[in-house]
$ cat run_13.txt   # compact mmCIF, C-alpha atoms
# COMPACT_ATOMS: atom_id res chain seq x y z
CA MET M 1 120.59 91.82 146.11
CA THR M 2 116.83 92.21 145.74
CA CYS M 3 115.58 91.43 142.29
CA PRO M 4 111.81 91.62 142.03
CA VAL M 5 110.49 89.84 138.95
CA ALA M 6 107.16 90.61 137.29
CA ILE M 7 105.95 88.47 134.38
CA ARG M 8 102.56 89.23 132.90
CA ILE M 9 100.66 88.06 129.86
CA GLN M 10 97.71 90.31 129.20
CA GLU M 11 95.40 91.72 126.56
CA ASP M 12 95.61 95.25 127.94
CA ASP M 13 98.20 97.78 126.88
CA PHE M 14 101.05 98.72 129.19
CA ASP M 15 102.40 102.10 130.23
CA ILE M 16 106.20 102.03 129.96
CA ALA M 17 106.77 105.02 132.27
CA ARG M 18 104.51 103.51 134.91
CA GLU M 19 106.22 100.11 134.72
CA ILE M 20 109.65 101.74 135.13
CA ALA M 21 108.34 103.74 138.10
CA VAL M 22 107.03 100.54 139.73
CA LEU M 23 110.37 98.80 139.17
CA THR M 24 112.47 101.59 140.65
CA ARG M 25 110.12 102.82 143.42
CA SER M 26 111.92 103.29 146.78
CA ARG M 27 115.14 101.88 145.38
CA THR M 28 118.49 103.64 145.54
CA ASP M 29 120.61 100.72 144.36
CA ILE M 30 119.49 100.86 140.72
CA GLY M 31 121.74 102.84 138.40
CA ALA M 32 120.39 101.67 135.05
CA VAL M 33 117.08 100.60 133.58
CA VAL M 34 116.90 99.33 130.02
CA SER M 35 113.51 99.26 128.36
CA PHE M 36 112.74 97.35 125.17
CA SER M 37 109.33 97.56 123.56
CA GLY M 38 108.22 95.51 120.61
CA ILE M 39 105.60 97.24 118.45
CA CYS M 40 103.32 95.92 115.73
CA ARG M 41 104.65 97.32 112.45
CA ALA M 42 102.84 97.71 109.16
CA ASP M 43 105.58 96.55 106.81
CA ASP M 44 106.98 93.07 106.87
CA ASP M 45 109.34 92.73 103.93
CA SER M 46 107.00 93.21 100.99
CA SER M 47 103.45 92.96 102.32
CA LYS M 48 101.48 95.58 104.27
CA ILE M 49 100.18 94.21 107.54
CA ALA M 50 96.68 95.30 108.50
CA ALA M 51 96.59 93.50 111.86
CA LEU M 52 98.43 90.92 113.91
CA THR M 53 96.93 88.30 116.22
CA LEU M 54 99.03 86.89 119.04
CA GLU M 55 98.19 83.44 120.42
CA HIS M 56 99.95 81.85 123.39
CA TYR M 57 100.10 78.68 125.46
CA PRO M 58 98.72 79.74 128.86
CA GLY M 59 100.75 78.37 131.72
CA MET M 60 103.76 77.35 129.67
CA ALA M 61 104.33 80.89 128.37
CA GLU M 62 104.72 82.28 131.89
CA GLU M 63 106.88 79.33 132.98
CA GLU M 64 109.14 79.55 129.94
CA ILE M 65 109.67 83.30 130.43
CA LYS M 66 110.41 82.68 134.11
CA ARG M 67 113.05 80.09 133.19
CA HIS M 68 114.83 82.65 131.02
CA VAL M 69 114.51 85.41 133.60
CA ASP M 70 116.11 83.04 136.14
CA GLU M 71 118.88 82.32 133.65
CA ALA M 72 119.40 86.08 133.08
CA MET M 73 119.57 86.64 136.85
CA SER M 74 122.24 83.97 137.17
CA ARG M 75 124.31 85.57 134.39
CA TRP M 76 124.03 89.26 135.23
CA PRO M 77 123.75 91.21 138.52
CA LEU M 78 120.16 92.37 138.06
CA ASN M 79 118.10 94.45 140.46
CA GLY M 80 114.72 93.95 138.81
CA VAL M 81 113.07 92.44 135.73
CA THR M 82 109.66 93.09 134.20
CA VAL M 83 108.37 91.19 131.17
CA ILE M 84 104.93 91.95 129.76
CA HIS M 85 103.70 90.17 126.63
CA ARG M 86 100.35 91.10 125.19
CA VAL M 87 98.03 88.66 123.41
CA GLY M 88 95.03 89.35 121.19
CA ARG M 89 94.64 91.36 117.98
CA PHE M 90 96.82 94.36 117.27
CA MET M 91 96.98 97.14 114.72
CA PRO M 92 100.25 98.62 113.45
CA GLY M 93 101.65 101.04 116.01
CA GLN M 94 100.34 99.15 119.03
CA ASN M 95 102.58 97.74 121.76
CA ILE M 96 103.18 93.99 121.86
CA VAL M 97 105.96 93.30 124.34
CA LEU M 98 107.88 95.08 127.08
CA VAL M 99 111.12 93.99 128.72
CA LEU M 100 112.62 96.05 131.55
CA THR M 101 115.90 95.16 133.16
CA ALA M 102 117.37 97.07 136.09
CA SER M 103 120.92 96.89 137.36
CA GLN M 104 123.55 98.96 139.13
CA HIS M 105 125.34 99.54 135.83
CA ARG M 106 124.16 99.82 132.25
CA ARG M 107 126.07 96.93 130.69
CA ALA M 108 124.29 94.19 132.64
CA ALA M 109 120.91 95.83 131.98
CA PHE M 110 121.53 96.15 128.22
CA GLU M 111 122.82 92.60 127.85
CA ALA M 112 120.11 90.99 129.97
CA ALA M 113 117.36 92.81 128.03
CA GLU M 114 118.79 91.61 124.73
CA PHE M 115 119.21 88.06 126.04
CA LEU M 116 115.60 87.98 127.25
CA MET M 117 114.22 89.29 123.95
CA ASP M 118 116.27 86.80 121.92
CA TYR M 119 114.83 83.94 123.96
CA LEU M 120 111.31 85.36 124.05
CA LYS M 121 111.28 85.29 120.25
CA THR M 122 112.54 81.73 119.86
CA SER M 123 111.38 79.75 122.87
CA ALA M 124 108.42 81.41 124.58
CA PRO M 125 105.22 79.78 123.22
CA PHE M 126 103.65 82.68 121.31
CA TRP M 127 102.56 82.69 117.67
CA LYS M 128 101.74 85.58 115.34
CA LYS M 129 99.16 85.52 112.61
CA GLU M 130 99.26 88.35 110.10
CA GLU M 131 96.38 89.86 108.20
CA SER M 132 97.16 91.64 104.95
CA ALA M 133 95.44 92.38 101.63
CA ALA M 134 96.55 88.91 100.51
CA GLY M 135 94.68 87.24 103.41
CA ALA M 136 95.68 85.87 106.79
CA GLY M 137 98.65 83.64 107.50
CA TRP M 138 100.87 82.46 110.32
CA VAL M 139 104.21 84.21 110.56
CA GLU M 140 107.12 81.88 109.87
CA ALA M 141 110.00 81.66 112.30
CA HIS M 142 113.18 83.35 111.08
CA ALA M 143 116.56 81.62 111.13
CA ARG M 144 118.04 85.00 112.14
CA ASP M 145 116.12 84.82 115.43
CA ASP M 146 117.51 81.35 116.19
CA GLU M 147 120.98 82.64 115.39
CA ALA M 148 120.47 85.60 117.72
CA ALA M 149 119.45 83.29 120.58
CA ALA M 150 122.32 80.86 119.85
CA ARG M 151 124.85 83.67 120.47
CA TRP M 152 124.13 83.38 124.19
CA THR M 153 124.88 79.67 124.41
CA LYS M 154 128.12 79.05 126.24
CA SER M 155 130.47 76.93 124.18
CA MET I 1 96.76 61.81 128.24
CA LYS I 2 95.77 65.33 127.37
CA VAL I 3 97.14 66.87 124.17
CA LYS I 4 96.98 70.51 123.12
CA TYR I 5 97.51 72.05 119.71
CA PHE I 6 98.46 75.65 118.93
CA ALA I 7 98.57 78.03 115.95
CA TRP I 8 98.38 76.28 112.56
CA VAL I 9 98.66 72.84 114.15
CA ARG I 10 95.43 73.63 116.03
CA GLU I 11 93.75 74.94 112.89
CA ARG I 12 94.73 71.89 110.85
CA VAL I 13 93.72 69.35 113.51
CA GLY I 14 90.49 71.29 114.01
CA LYS I 15 90.56 71.34 117.80
CA ALA I 16 92.54 72.99 120.57
CA GLU I 17 92.81 69.99 122.88
CA GLU I 18 91.65 66.43 123.41
CA ILE I 19 92.27 63.30 125.43
CA ILE I 20 94.04 60.55 123.52
CA GLU I 21 94.86 56.95 124.31
CA PRO I 22 97.75 55.81 122.16
CA PRO I 23 98.78 52.14 122.34
CA ALA I 24 101.56 51.18 124.76
CA SER I 25 103.94 50.68 121.83
CA VAL I 26 103.99 54.47 121.38
CA ARG I 27 106.79 55.55 123.69
CA THR I 28 108.39 58.73 122.33
CA VAL I 29 107.26 62.09 121.00
CA GLU I 30 108.35 61.00 117.53
CA GLU I 31 106.26 57.83 117.75
CA LEU I 32 103.29 59.77 119.08
CA ILE I 33 103.44 62.18 116.13
CA ALA I 34 103.60 59.21 113.74
CA TRP I 35 100.61 57.60 115.49
CA LEU I 36 98.60 60.84 115.44
CA SER I 37 99.34 61.24 111.71
CA GLY I 38 97.41 58.02 111.17
CA GLN I 39 94.28 59.26 112.95
CA GLY I 40 92.66 60.82 109.91
CA GLU I 41 93.19 63.39 107.18
CA ALA I 42 93.23 66.41 109.49
CA TYR I 43 96.01 64.87 111.60
CA ALA I 44 97.95 63.73 108.55
CA TYR I 45 97.84 67.33 107.27
CA ALA I 46 98.80 68.87 110.64
CA PHE I 47 101.76 66.54 111.06
CA GLU I 48 102.80 66.21 107.40
CA LYS I 49 106.21 67.73 108.20
CA PRO I 50 107.02 66.16 111.58
CA LYS I 51 110.44 67.81 111.80
CA VAL I 52 108.83 71.27 111.85
CA ILE I 53 106.60 70.41 114.82
CA ARG I 54 107.75 71.53 118.26
CA THR I 55 106.64 69.63 121.35
CA ALA I 56 106.29 70.44 125.03
CA ILE I 57 105.64 67.95 127.81
CA ASP I 58 104.13 69.42 130.97
CA HIS I 59 105.02 72.97 129.87
CA ALA I 60 108.68 72.28 129.01
CA HIS I 61 110.21 71.99 125.53
CA VAL I 62 111.32 68.46 124.64
CA LYS I 63 113.05 66.82 121.69
CA ALA I 64 111.52 64.23 119.35
CA ASP I 65 113.18 61.32 121.15
CA ALA I 66 111.75 62.30 124.57
CA ALA I 67 109.76 59.61 126.39
CA ILE I 68 106.06 60.33 126.87
CA ALA I 69 105.59 58.01 129.85
CA GLY I 70 104.05 59.84 132.78
CA ALA I 71 103.22 62.98 130.77
CA ARG I 72 100.10 64.82 131.95
CA GLU I 73 99.94 67.25 129.05
CA ILE I 74 101.65 67.15 125.67
CA ALA I 75 101.46 70.15 123.34
CA PHE I 76 102.28 70.35 119.64
CA PHE I 77 102.93 73.64 117.88
CA PRO I 78 104.91 75.33 115.10
CA PRO I 79 108.20 77.17 115.75
CA MET I 80 107.48 80.15 117.99
CA THR I 81 107.12 83.68 116.65
CA GLY I 82 106.42 85.87 119.67
CA GLY I 83 108.25 88.91 120.98
$ encode --input "run_13.txt" --output "structure tokens"
Amino acid sequence: MTCPVAIRIQEDDFDIAREIAVLTRSRTDIGAVVSFSGICRADDDSSKIAALTLEHYPGMAEEEIKRHVDEAMSRWPLNGVTVIHRVGRFMPGQNIVLVLTASQHRRAAFEAAEFLMDYLKTSAPFWKKEESAAGAGWVEAHARDDEAAARWTKS
Amino acid sequence: MKVKYFAWVRERVGKAEEIIEPPASVRTVEELIAWLSGQGEAYAYAFEKPKVIRTAIDHAHVKADAAIAGAREIAFFPPMTGG
């Protein structure tokens, strides 16, 4: 089974429709594409976010995402994976991350997309800094994200 | 060896990367963090809660007891918050 993988870290925005078209172009074996986009939101619990800055560890970020894409490909029959993570400064409403998973059937695509997002949040080297009326501060990691990623660990 | 710092660890240390030469007695990540903590106020502040610090050796996550021998690049950073 062919499973092209695209992993990009970029400042520029992405076009979801275009990325799906690239993933499925000249393919007749794909029956399902799941698309997850993460968007900068204005409300985080109590404070209003004015902007978000994303920092990453160049080199490791790509490698770490690749390791999890490889893991996803070994767990589900995937026909294509695209992961795009933006870095830089974002305003509420702007795109931050895109995960596309393609498979013959929907279940594998849904599960692989969720698996990849859970690991992106807890183990890919990216950090968010929030700006609000109260000032700027680094976002703290949430235990709920670790718990979400731990669900996928085989016992 | 080359060390890199990210997010608030970078801000507290006051630099993004540097070359360090720890003594041979420093063998693990844990020992390296303890040694760095003694390199001045900025380092002491950055590494004041060593258990919170995450470490990568040559672009792969490692635990505190990992050996640093042969490492080309060691990075210290807070828990990740991407996605």
$ interface_residues --input "run_13.txt" --of "chain I" --to "chain M" --cutoff "6 Å" --atoms "only C-alpha atoms" --output "number ranges by chain"
I: 59, 79-83
$ residues_around --input "run_13.txt" --residues "Lys15 in chain I" --least-positions-apart "6" --cutoff "12 Å" --atoms "all atoms listed in the file" --output "list in words"
Val3, Lys4, Tyr5, Phe6, Ala7, Trp8, Val9, Ala42, Tyr43, Ala46 and Phe76 of chain I
$ atom_distance --input "run_13.txt" --atom1 "CA of Ile7 in chain M" --atom2 "CA of Lys66 in chain M"
7.3 Å
$ closest_residue --input "run_13.txt" --among "M:Glu111, M:Ser103, M:Val83, M:Ser132" --to "Arg151 in chain M" --atoms "all atoms listed in the file"
M:Glu111
$ residues_around --input "run_13.txt" --residues "Pro22 in chain I" --least-positions-apart "4" --cutoff "12 Å" --atoms "all atoms listed in the file" --output "PyMOL selection string"
chain I and resi 1-3+26-29+31-39+68-69
$ write_last_selection --input "run_13.txt" --atoms "C-alpha atoms" --output "compact mmCIF listing (two decimals), in the coordinates of the input"
# COMPACT_ATOMS: atom_id res chain seq x y z
CA MET I 1 96.76 61.81 128.24
CA LYS I 2 95.77 65.33 127.37
CA VAL I 3 97.14 66.87 124.17
CA VAL I 26 103.99 54.47 121.38
CA ARG I 27 106.79 55.55 123.69
CA THR I 28 108.39 58.73 122.33
CA VAL I 29 107.26 62.09 121.00
CA GLU I 31 106.26 57.83 117.75
CA LEU I 32 103.29 59.77 119.08
CA ILE I 33 103.44 62.18 116.13
CA ALA I 34 103.60 59.21 113.74
CA TRP I 35 100.61 57.60 115.49
CA LEU I 36 98.60 60.84 115.44
CA SER I 37 99.34 61.24 111.71
CA GLY I 38 97.41 58.02 111.17
CA GLN I 39 94.28 59.26 112.95
CA ILE I 68 106.06 60.33 126.87
CA ALA I 69 105.59 58.01 129.85
$ atom_distance --input "run_13.txt" --atom1 "CA of Ile16 in chain M" --atom2 "CA of Gly93 in chain M"
14.7 Å
$ closest_residue --input "run_13.txt" --among "M:Val69, M:Cys40, M:Asn95, M:Ile30" --to "Asp15 in chain M" --atoms "all atoms listed in the file"
M:Asn95
$ closest_residue --input "run_13.txt" --among "I:Ala75, I:Gly70, I:Arg12, I:Gly40" --to "Ala56 in chain I" --atoms "only C-alpha atoms"
I:Ala75
$ closest_residue --input "run_13.txt" --among "M:Val33, M:Ala42, M:Val5, M:Ile49" --to "Val81 in chain M" --atoms "all atoms listed in the file"
M:Val5
$ atom_distance --input "run_13.txt" --atom1 "CA of Ala102 in chain M" --atom2 "CA of Glu71 in chain M"
15.0 Å
$ closest_residue --input "run_13.txt" --among "M:Arg144, M:His68, M:Arg106, M:Lys48" --to "Glu131 in chain M" --atoms "only C-alpha atoms"
M:Lys48
$ residues_around --input "run_13.txt" --residues "Ala21 in chain M" --least-positions-apart "2" --cutoff "12 Å" --atoms "all atoms listed in the file" --output "list in words"
Asp15, Ile16, Ala17, Arg18, Glu19, Leu23, Thr24, Arg25, Ser26, Arg27, Ile30, Val33, Ser35, Gly80, Thr82, Leu100 and Ala102 of chain M
$ closest_residue --input "run_13.txt" --among "I:Lys49, I:Gly14, I:Phe77, I:Ala44" --to "His61 in chain I" --atoms "only C-alpha atoms"
I:Phe77
$ residues_near_point --input "run_13.txt" --point "(102.0, 65.2, 131.2)" --cutoff "7 Å" --atoms "all atoms listed in the file" --output "PyMOL selection string"
chain I and resi 1+57-58+70-74
$ write_last_selection --input "run_13.txt" --atoms "C-alpha atoms" --output "short mmCIF file (atom, residue, chain, number, x, y, z; two decimals), in the coordinates of the input"
data_model
loop_
_atom_site.label_atom_id
_atom_site.label_comp_id
_atom_site.auth_asym_id
_atom_site.auth_seq_id
_atom_site.Cartn_x
_atom_site.Cartn_y
_atom_site.Cartn_z
CA MET I 1 96.76 61.81 128.24
CA ILE I 57 105.64 67.95 127.81
CA ASP I 58 104.13 69.42 130.97
CA GLY I 70 104.05 59.84 132.78
CA ALA I 71 103.22 62.98 130.77
CA ARG I 72 100.10 64.82 131.95
CA GLU I 73 99.94 67.25 129.05
CA ILE I 74 101.65 67.15 125.67
#
